[in-house]
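Text of run_29.txt (compact mmCIF, N, CA and C atoms) as supplied:
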# COMPACT_ATOMS: atom_id res chain seq x y z
N ASN R 1 -9.88 -8.08 0.75
CA ASN R 1 -10.01 -9.27 -0.08
C ASN R 1 -10.46 -8.95 -1.50
N HIS R 2 -10.19 -7.77 -1.98
CA HIS R 2 -10.52 -7.40 -3.35
C HIS R 2 -9.44 -7.93 -4.29
N SER R 3 -9.83 -8.15 -5.51
CA SER R 3 -8.89 -8.55 -6.55
C SER R 3 -8.42 -7.32 -7.29
N PRO R 4 -7.19 -7.36 -7.82
CA PRO R 4 -6.73 -6.24 -8.65
C PRO R 4 -7.74 -5.98 -9.77
N GLY R 5 -7.98 -4.70 -10.03
CA GLY R 5 -8.96 -4.30 -11.03
C GLY R 5 -10.29 -3.91 -10.44
N VAL R 6 -10.41 -3.92 -9.11
CA VAL R 6 -11.66 -3.55 -8.45
C VAL R 6 -12.02 -2.11 -8.80
N ILE R 7 -13.31 -1.83 -8.88
CA ILE R 7 -13.79 -0.47 -9.14
C ILE R 7 -13.86 0.29 -7.82
N PHE R 8 -13.26 1.46 -7.80
CA PHE R 8 -13.23 2.34 -6.63
C PHE R 8 -14.12 3.53 -6.93
N LYS R 9 -15.21 3.67 -6.17
CA LYS R 9 -16.21 4.71 -6.41
C LYS R 9 -15.91 5.94 -5.57
N ILE R 10 -16.02 7.11 -6.20
CA ILE R 10 -15.92 8.38 -5.51
C ILE R 10 -17.33 8.96 -5.48
N GLU R 11 -17.83 9.27 -4.29
CA GLU R 11 -19.22 9.70 -4.12
C GLU R 11 -19.27 10.99 -3.30
N GLY R 12 -20.40 11.66 -3.38
CA GLY R 12 -20.59 12.89 -2.61
C GLY R 12 -20.37 14.10 -3.48
N ASP R 13 -19.54 15.03 -3.00
CA ASP R 13 -19.31 16.28 -3.73
C ASP R 13 -18.33 16.14 -4.89
N LEU R 14 -17.68 15.02 -5.01
CA LEU R 14 -16.89 14.66 -6.19
C LEU R 14 -17.40 13.30 -6.66
N LEU R 15 -17.49 13.11 -7.97
CA LEU R 15 -18.01 11.86 -8.51
C LEU R 15 -17.03 11.30 -9.54
N ALA R 16 -16.71 10.03 -9.39
CA ALA R 16 -15.82 9.37 -10.36
C ALA R 16 -15.78 7.88 -10.04
N LYS R 17 -15.22 7.13 -10.95
CA LYS R 17 -14.93 5.71 -10.75
C LYS R 17 -13.54 5.46 -11.30
N PHE R 18 -12.76 4.70 -10.54
CA PHE R 18 -11.42 4.32 -10.97
C PHE R 18 -11.28 2.81 -10.82
N GLN R 19 -10.45 2.24 -11.64
CA GLN R 19 -10.13 0.83 -11.51
C GLN R 19 -8.75 0.76 -10.85
N LEU R 20 -8.67 0.05 -9.74
CA LEU R 20 -7.43 -0.03 -8.97
C LEU R 20 -6.70 -1.34 -9.23
N PHE R 21 -5.41 -1.23 -9.45
CA PHE R 21 -4.55 -2.41 -9.65
C PHE R 21 -3.38 -2.34 -8.68
N TRP R 22 -2.87 -3.49 -8.28
CA TRP R 22 -1.72 -3.56 -7.39
C TRP R 22 -0.99 -4.87 -7.63
N LYS R 23 0.22 -4.91 -7.14
CA LYS R 23 1.04 -6.11 -7.24
C LYS R 23 0.51 -7.14 -6.25
N PRO R 24 0.79 -8.43 -6.48
CA PRO R 24 0.34 -9.46 -5.54
C PRO R 24 0.86 -9.20 -4.12
N ILE R 25 0.00 -9.48 -3.15
CA ILE R 25 0.34 -9.28 -1.74
C ILE R 25 1.19 -10.45 -1.26
N THR R 26 2.30 -10.14 -0.63
CA THR R 26 3.19 -11.18 -0.11
C THR R 26 2.99 -11.34 1.40
N GLY R 27 3.52 -12.38 1.94
CA GLY R 27 3.49 -12.59 3.39
C GLY R 27 4.20 -11.48 4.13
N GLN R 28 5.31 -11.02 3.58
CA GLN R 28 6.05 -9.93 4.21
C GLN R 28 5.21 -8.66 4.25
N MET R 29 4.45 -8.39 3.17
CA MET R 29 3.57 -7.22 3.16
C MET R 29 2.52 -7.34 4.26
N ARG R 30 1.90 -8.51 4.36
CA ARG R 30 0.87 -8.71 5.38
C ARG R 30 1.44 -8.52 6.78
N ALA R 31 2.64 -9.06 7.02
CA ALA R 31 3.26 -8.96 8.34
C ALA R 31 3.62 -7.51 8.67
N SER R 32 4.00 -6.72 7.67
CA SER R 32 4.39 -5.35 7.94
C SER R 32 3.18 -4.43 8.16
N CYS R 33 2.00 -4.93 7.83
CA CYS R 33 0.76 -4.15 8.02
C CYS R 33 -0.19 -4.92 8.92
N TYR R 34 0.31 -5.38 10.04
CA TYR R 34 -0.46 -6.27 10.92
C TYR R 34 -1.49 -5.53 11.76
N ASP R 35 -1.25 -4.26 12.06
CA ASP R 35 -2.18 -3.46 12.85
C ASP R 35 -3.24 -2.90 11.90
N MET R 36 -4.43 -3.48 11.91
CA MET R 36 -5.46 -3.12 10.93
C MET R 36 -5.97 -1.68 11.10
N GLN R 37 -5.96 -1.15 12.32
CA GLN R 37 -6.38 0.24 12.50
C GLN R 37 -5.39 1.18 11.79
N TYR R 38 -4.09 0.95 11.99
CA TYR R 38 -3.08 1.76 11.33
C TYR R 38 -3.13 1.55 9.81
N THR R 39 -3.26 0.30 9.39
CA THR R 39 -3.30 -0.01 7.96
C THR R 39 -4.49 0.66 7.29
N THR R 40 -5.64 0.67 7.95
CA THR R 40 -6.84 1.32 7.41
C THR R 40 -6.60 2.82 7.27
N GLU R 41 -6.01 3.43 8.28
CA GLU R 41 -5.72 4.86 8.24
C GLU R 41 -4.71 5.18 7.12
N ALA R 42 -3.65 4.41 7.04
CA ALA R 42 -2.62 4.65 6.03
C ALA R 42 -3.18 4.45 4.61
N GLY R 43 -3.99 3.42 4.43
CA GLY R 43 -4.61 3.18 3.13
C GLY R 43 -5.57 4.30 2.75
N ALA R 44 -6.31 4.79 3.73
CA ALA R 44 -7.24 5.91 3.47
C ALA R 44 -6.46 7.15 3.07
N TYR R 45 -5.33 7.42 3.75
CA TYR R 45 -4.49 8.56 3.37
C TYR R 45 -4.05 8.43 1.91
N CYS R 46 -3.54 7.27 1.55
CA CYS R 46 -3.03 7.06 0.18
C CYS R 46 -4.13 7.29 -0.85
N LEU R 47 -5.26 6.65 -0.67
CA LEU R 47 -6.33 6.75 -1.67
C LEU R 47 -6.93 8.15 -1.72
N ALA R 48 -7.16 8.76 -0.58
CA ALA R 48 -7.76 10.10 -0.57
C ALA R 48 -6.83 11.12 -1.19
N ILE R 49 -5.55 11.06 -0.87
CA ILE R 49 -4.58 12.00 -1.44
C ILE R 49 -4.50 11.82 -2.95
N LEU R 50 -4.44 10.59 -3.41
CA LEU R 50 -4.39 10.33 -4.85
C LEU R 50 -5.65 10.83 -5.55
N MET R 51 -6.81 10.58 -4.98
CA MET R 51 -8.07 11.00 -5.59
C MET R 51 -8.21 12.52 -5.61
N MET R 52 -7.78 13.19 -4.55
CA MET R 52 -7.84 14.65 -4.54
C MET R 52 -6.97 15.22 -5.65
N GLN R 53 -5.81 14.63 -5.84
CA GLN R 53 -4.91 15.10 -6.89
C GLN R 53 -5.49 14.83 -8.28
N LYS R 54 -6.20 13.72 -8.44
CA LYS R 54 -6.79 13.37 -9.74
C LYS R 54 -8.05 14.19 -10.04
N LEU R 55 -8.82 14.56 -9.02
CA LEU R 55 -10.15 15.13 -9.25
C LEU R 55 -10.27 16.62 -8.94
N THR R 56 -9.23 17.23 -8.39
CA THR R 56 -9.27 18.66 -8.07
C THR R 56 -8.01 19.33 -8.61
N GLU R 57 -7.95 20.62 -8.43
CA GLU R 57 -6.76 21.37 -8.85
C GLU R 57 -5.70 21.38 -7.75
N TYR R 58 -5.93 20.61 -6.68
CA TYR R 58 -5.04 20.63 -5.52
C TYR R 58 -4.13 19.41 -5.45
N LYS R 59 -3.06 19.60 -4.67
CA LYS R 59 -2.18 18.51 -4.25
C LYS R 59 -1.85 18.74 -2.78
N VAL R 60 -1.50 17.67 -2.09
CA VAL R 60 -1.08 17.80 -0.70
C VAL R 60 0.29 18.45 -0.69
N ILE R 61 0.43 19.50 0.13
CA ILE R 61 1.73 20.18 0.21
C ILE R 61 2.42 19.95 1.54
N ARG R 62 1.66 19.64 2.58
CA ARG R 62 2.28 19.29 3.86
C ARG R 62 1.22 18.78 4.84
N GLN R 63 1.70 18.07 5.82
CA GLN R 63 0.84 17.58 6.90
C GLN R 63 0.57 18.75 7.84
N SER R 64 -0.63 18.80 8.37
CA SER R 64 -0.94 19.86 9.34
C SER R 64 -0.52 19.41 10.74
N GLN R 65 -0.48 20.35 11.65
CA GLN R 65 -0.15 20.03 13.03
C GLN R 65 -1.37 19.45 13.74
N LYS R 66 -1.12 18.65 14.75
CA LYS R 66 -2.22 18.13 15.56
C LYS R 66 -2.97 19.29 16.19
N GLY R 67 -4.28 19.12 16.32
CA GLY R 67 -5.10 20.14 16.95
C GLY R 67 -5.70 21.15 15.99
N THR R 68 -5.38 21.03 14.69
CA THR R 68 -5.93 21.97 13.71
C THR R 68 -7.31 21.55 13.24
N GLY R 69 -7.65 20.25 13.40
CA GLY R 69 -8.94 19.75 12.95
C GLY R 69 -8.92 19.17 11.55
N PHE R 70 -7.75 19.11 10.94
CA PHE R 70 -7.62 18.50 9.63
C PHE R 70 -6.22 17.90 9.49
N ASP R 71 -6.05 17.04 8.49
CA ASP R 71 -4.82 16.27 8.36
C ASP R 71 -3.75 16.91 7.47
N PHE R 72 -4.18 17.51 6.36
CA PHE R 72 -3.22 18.00 5.37
C PHE R 72 -3.61 19.36 4.82
N TRP R 73 -2.60 20.13 4.45
CA TRP R 73 -2.77 21.37 3.69
C TRP R 73 -2.75 21.02 2.21
N LEU R 74 -3.63 21.66 1.45
CA LEU R 74 -3.65 21.50 0.00
C LEU R 74 -3.19 22.79 -0.65
N GLY R 75 -2.49 22.65 -1.77
CA GLY R 75 -2.06 23.79 -2.56
C GLY R 75 -2.32 23.51 -4.03
N ASP R 76 -2.14 24.51 -4.87
CA ASP R 76 -2.35 24.34 -6.31
C ASP R 76 -1.36 23.32 -6.87
N GLN R 77 -1.84 22.46 -7.74
CA GLN R 77 -0.98 21.45 -8.35
C GLN R 77 0.15 22.07 -9.15
N LYS R 78 -0.10 23.22 -9.75
CA LYS R 78 0.88 23.85 -10.63
C LYS R 78 1.95 24.64 -9.89
N ASP R 79 1.73 24.93 -8.62
CA ASP R 79 2.68 25.75 -7.87
C ASP R 79 3.92 24.93 -7.48
N ASP R 80 5.06 25.56 -7.58
CA ASP R 80 6.30 25.01 -7.05
C ASP R 80 6.57 25.66 -5.70
N TYR R 81 7.54 25.14 -4.99
CA TYR R 81 7.90 25.69 -3.69
C TYR R 81 8.31 27.15 -3.84
N PRO R 82 7.98 28.09 -2.99
CA PRO R 82 7.22 27.89 -1.75
C PRO R 82 5.72 27.74 -2.01
N PHE R 83 5.13 26.80 -1.33
CA PHE R 83 3.72 26.51 -1.51
C PHE R 83 2.86 27.51 -0.76
N GLU R 84 1.65 27.68 -1.25
CA GLU R 84 0.67 28.51 -0.57
C GLU R 84 -0.52 27.64 -0.19
N ASN R 85 -0.96 27.74 1.06
CA ASN R 85 -2.10 26.96 1.53
C ASN R 85 -3.37 27.45 0.85
N LYS R 86 -4.09 26.55 0.19
CA LYS R 86 -5.31 26.90 -0.53
C LYS R 86 -6.55 26.22 0.04
N ALA R 87 -6.37 25.06 0.70
CA ALA R 87 -7.52 24.31 1.22
C ALA R 87 -7.03 23.34 2.29
N ARG R 88 -8.00 22.76 2.99
CA ARG R 88 -7.72 21.79 4.05
C ARG R 88 -8.26 20.43 3.63
N LEU R 89 -7.62 19.37 4.12
CA LEU R 89 -8.05 18.00 3.82
C LEU R 89 -8.06 17.18 5.09
N GLU R 90 -9.21 16.60 5.41
CA GLU R 90 -9.36 15.67 6.53
C GLU R 90 -9.68 14.30 5.96
N ILE R 91 -8.99 13.29 6.43
CA ILE R 91 -9.13 11.93 5.90
C ILE R 91 -9.44 10.97 7.03
N SER R 92 -10.36 10.04 6.76
CA SER R 92 -10.67 8.97 7.70
C SER R 92 -10.89 7.69 6.91
N GLY R 93 -10.71 6.57 7.56
CA GLY R 93 -10.92 5.28 6.92
C GLY R 93 -11.77 4.35 7.76
N ILE R 94 -12.58 3.57 7.09
CA ILE R 94 -13.42 2.55 7.74
C ILE R 94 -13.15 1.24 7.01
N LEU R 95 -12.74 0.22 7.73
CA LEU R 95 -12.44 -1.06 7.10
C LEU R 95 -13.69 -1.69 6.49
N LYS R 96 -14.77 -1.72 7.27
CA LYS R 96 -16.03 -2.28 6.79
C LYS R 96 -17.17 -1.57 7.49
N GLY R 97 -18.02 -0.88 6.71
CA GLY R 97 -19.13 -0.16 7.30
C GLY R 97 -20.21 0.09 6.28
N ASP R 98 -21.40 0.40 6.76
CA ASP R 98 -22.51 0.69 5.86
C ASP R 98 -22.58 2.20 5.61
N GLN R 99 -23.52 2.61 4.77
CA GLN R 99 -23.64 4.02 4.41
C GLN R 99 -23.93 4.90 5.62
N ASN R 100 -24.72 4.40 6.58
CA ASN R 100 -24.99 5.17 7.79
C ASN R 100 -23.72 5.46 8.58
N GLN R 101 -22.82 4.47 8.67
CA GLN R 101 -21.56 4.66 9.38
C GLN R 101 -20.66 5.66 8.65
N VAL R 102 -20.66 5.59 7.32
CA VAL R 102 -19.88 6.53 6.53
C VAL R 102 -20.44 7.94 6.74
N ASN R 103 -21.76 8.10 6.66
CA ASN R 103 -22.39 9.41 6.87
C ASN R 103 -22.10 9.96 8.26
N GLN R 104 -22.14 9.09 9.26
CA GLN R 104 -21.85 9.51 10.63
C GLN R 104 -20.40 9.98 10.76
N ARG R 105 -19.49 9.27 10.14
CA ARG R 105 -18.07 9.67 10.19
C ARG R 105 -17.86 11.00 9.47
N ILE R 106 -18.53 11.17 8.33
CA ILE R 106 -18.45 12.45 7.62
C ILE R 106 -18.91 13.58 8.54
N SER R 107 -20.04 13.38 9.21
CA SER R 107 -20.57 14.41 10.13
C SER R 107 -19.58 14.72 11.24
N GLN R 108 -18.96 13.69 11.81
CA GLN R 108 -17.97 13.89 12.88
C GLN R 108 -16.80 14.71 12.37
N LYS R 109 -16.33 14.38 11.18
CA LYS R 109 -15.16 15.06 10.62
C LYS R 109 -15.49 16.48 10.17
N VAL R 110 -16.71 16.71 9.70
CA VAL R 110 -17.15 18.08 9.38
C VAL R 110 -17.08 18.93 10.64
N ALA R 111 -17.62 18.41 11.73
CA ALA R 111 -17.59 19.14 13.00
C ALA R 111 -16.16 19.39 13.46
N GLN R 112 -15.29 18.40 13.27
CA GLN R 112 -13.90 18.52 13.67
C GLN R 112 -13.18 19.64 12.91
N THR R 113 -13.49 19.78 11.62
CA THR R 113 -12.80 20.80 10.81
C THR R 113 -13.27 22.22 11.13
N LYS R 114 -14.39 22.35 11.83
CA LYS R 114 -14.91 23.70 12.14
C LYS R 114 -13.96 24.51 13.01
N GLN R 115 -13.11 23.84 13.77
CA GLN R 115 -12.18 24.57 14.63
C GLN R 115 -11.16 25.38 13.83
N SER R 116 -11.01 25.07 12.54
CA SER R 116 -10.08 25.84 11.70
C SER R 116 -10.82 26.73 10.69
N ASN R 117 -12.10 27.00 10.93
CA ASN R 117 -12.88 27.86 10.03
C ASN R 117 -12.31 29.26 9.91
N GLY R 118 -11.60 29.72 10.92
CA GLY R 118 -11.01 31.04 10.89
C GLY R 118 -10.02 31.23 9.75
N LEU R 119 -9.54 30.13 9.20
CA LEU R 119 -8.62 30.21 8.06
C LEU R 119 -9.33 30.67 6.79
N LYS R 120 -10.65 30.52 6.77
CA LYS R 120 -11.47 30.91 5.61
C LYS R 120 -10.99 30.23 4.32
N LEU R 121 -10.64 28.95 4.46
CA LEU R 121 -10.23 28.13 3.33
C LEU R 121 -11.20 26.96 3.18
N PRO R 122 -11.44 26.50 1.95
CA PRO R 122 -12.31 25.33 1.79
C PRO R 122 -11.72 24.12 2.52
N ALA R 123 -12.61 23.25 2.94
CA ALA R 123 -12.20 22.00 3.58
C ALA R 123 -12.83 20.84 2.83
N TYR R 124 -12.03 19.83 2.57
CA TYR R 124 -12.52 18.57 2.00
C TYR R 124 -12.45 17.52 3.08
N ILE R 125 -13.58 16.88 3.33
CA ILE R 125 -13.64 15.81 4.31
C ILE R 125 -13.84 14.53 3.52
N THR R 126 -12.97 13.55 3.74
CA THR R 126 -13.03 12.30 2.98
C THR R 126 -13.08 11.10 3.92
N VAL R 127 -13.91 10.14 3.56
CA VAL R 127 -13.96 8.87 4.29
C VAL R 127 -13.85 7.75 3.27
N VAL R 128 -12.82 6.94 3.42
CA VAL R 128 -12.63 5.76 2.58
C VAL R 128 -13.25 4.58 3.31
N GLU R 129 -14.14 3.88 2.64
CA GLU R 129 -14.75 2.65 3.16
C GLU R 129 -14.23 1.52 2.27
N PHE R 130 -13.50 0.59 2.86
CA PHE R 130 -12.74 -0.37 2.09
C PHE R 130 -13.51 -1.60 1.63
N SER R 131 -14.63 -1.95 2.23
CA SER R 131 -15.31 -3.19 1.83
C SER R 131 -16.01 -3.06 0.49
N ILE R 132 -16.37 -1.84 0.06
CA ILE R 132 -17.09 -1.66 -1.22
C ILE R 132 -16.12 -1.70 -2.40
N PRO R 133 -15.06 -1.03 -2.55
CA PRO R 133 -14.53 0.14 -1.84
C PRO R 133 -15.05 1.45 -2.44
N ARG R 134 -15.04 2.49 -1.59
CA ARG R 134 -15.55 3.80 -2.04
C ARG R 134 -14.92 4.90 -1.20
N LEU R 135 -14.99 6.11 -1.74
CA LEU R 135 -14.52 7.30 -1.05
C LEU R 135 -15.66 8.30 -1.06
N GLN R 136 -16.12 8.71 0.10
CA GLN R 136 -17.16 9.72 0.25
C GLN R 136 -16.47 11.05 0.48
N VAL R 137 -16.86 12.08 -0.28
CA VAL R 137 -16.23 13.40 -0.17
C VAL R 137 -17.30 14.43 0.16
N LYS R 138 -16.98 15.28 1.11
CA LYS R 138 -17.81 16.44 1.48
C LYS R 138 -16.93 17.67 1.40
N LYS R 139 -17.36 18.66 0.62
CA LYS R 139 -16.60 19.92 0.55
C LYS R 139 -17.39 20.96 1.33
N ARG R 140 -16.66 21.70 2.15
CA ARG R 140 -17.29 22.79 2.92
C ARG R 140 -16.37 23.98 2.95
How would this structure read if it were set down as structure tokens?
Amino acid sequence: NHSPGVIFKIEGDLLAKFQLFWKPITGQMRASCYDMQYTTEAGAYCLAILMMQKLTEYKVIRQSQKGTGFDFWLGDQKDDYPFENKARLEISGILKGDQNQVNQRISQKVAQTKQSNGLKLPAYITVVEFSIPRLQVKKR
């Protein structure tokens, strides 16, 4: 229920504020995003990927396989194909939650990414909380 122009806060290991704008929401848009769990996840992917590209030297280069403990591989923004894996990105979304819930989700996702520590690559754990809205980032 935010209006276009809402301030989107980036907190944690990256700090920034962005003003978000979008086109008016239509009935067709609402109907196509009826599953709020999926919509929350998809929205978190969009915002986290965009913010990582804006605030780091990385871009998403491909989705990771299930069971790796993270969602996406990150590579250098300046590299062209073939890409080289430089970091990991785990994304989660919360439709409405307080700071304790965000912190708890960050902790869960940090633990989840440990299964891929053998890669010896940095991991970014992100949680988008939509009611504020904000993005919490933890780099490990």
Exercise: segment 93-108 of chain R partners within 8 Å, only N, CA and C atoms, chain neighbours under 4 positions left out, as a VMD selection string: chain R and resid 36 to 37 39 to 45 112 to 113 125 to 132 136 to 138
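Comparing the minimum interatomic distances between Ile10 of chain R and each of R:Asp71, R:Lys139, R:Pro133, R:Gln63, counting all atoms listed in the file, we find that R:Pro133 sits nearest.
Of the residues under consideration (R:Phe8, R:Tyr124, R:Tyr38, R:Trp22), R:Tyr124 shows the shortest atom-to-atom contact distance to Ala87 of chain R when counting all atoms listed in the file.
The residue set within 8 Å of Gln77 of chain R, counting only N, CA and C atoms and dropping same-chain residues fewer than 4 places from it, reads R:Gln53, R:Thr56, R:Glu57, R:Tyr58, R:Lys59, R:Val60.
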If you run DSSP on the backbone here, which positions in chain R get alpha helix (DSSP H)? Please write them as a VMD selection string. chain R and resid 27 to 32 36 to 55 99 to 113
DSSP strand (DSSP E) residues within segment 82-126 of chain R, listed as a ChimeraX atom specification: /R:87-94,123-126
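When atom C of Ala48 of chain R is paired with atom C of Glu90 of chain R, their separation reads 8.3 Å.
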Let me make sure I understand: among R:Phe21, R:Arg140, R:Cys33, R:Glu84, which one has the smallest atom-to-atom distance to Ala111 of chain R if we use only C-alpha atoms?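 Among the listed residues, R:Arg140 lies closest to Ala111 of chain R.
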Point out the residue among R:Ile61, R:Lys9, R:Ser92, R:Ala31 with the least atom-to-atom distance to Lys78 of chain R, counting only C-alpha atoms.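 Selected residue with least distance to Lys78 of chain R: R:Ile61.
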Mind giving me the straight-line distance from atom N of Asn117 of chain R to atom N of Leu15 of chain R in Å, one decimal?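 Between atom N of Asn117 of chain R and atom N of Leu15 of chain R the gap works out to 24.1 Å.
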Could you tell me how far atom N of Leu47 of chain R lies from atom N of Gln19 of chain R, in Å and to one decimal?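 Between atom N of Leu47 of chain R and atom N of Gln19 of chain R the gap is 12.9 Å.
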Pick from R:Met51, R:Pro24, R:Leu135, R:Pro82: nearest to Gly12 of chain R, with all atoms listed in the file counted?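 Between R:Met51, R:Pro24, R:Leu135, R:Pro82, the residue approaching Gly12 of chain R most closely is R:Leu135.
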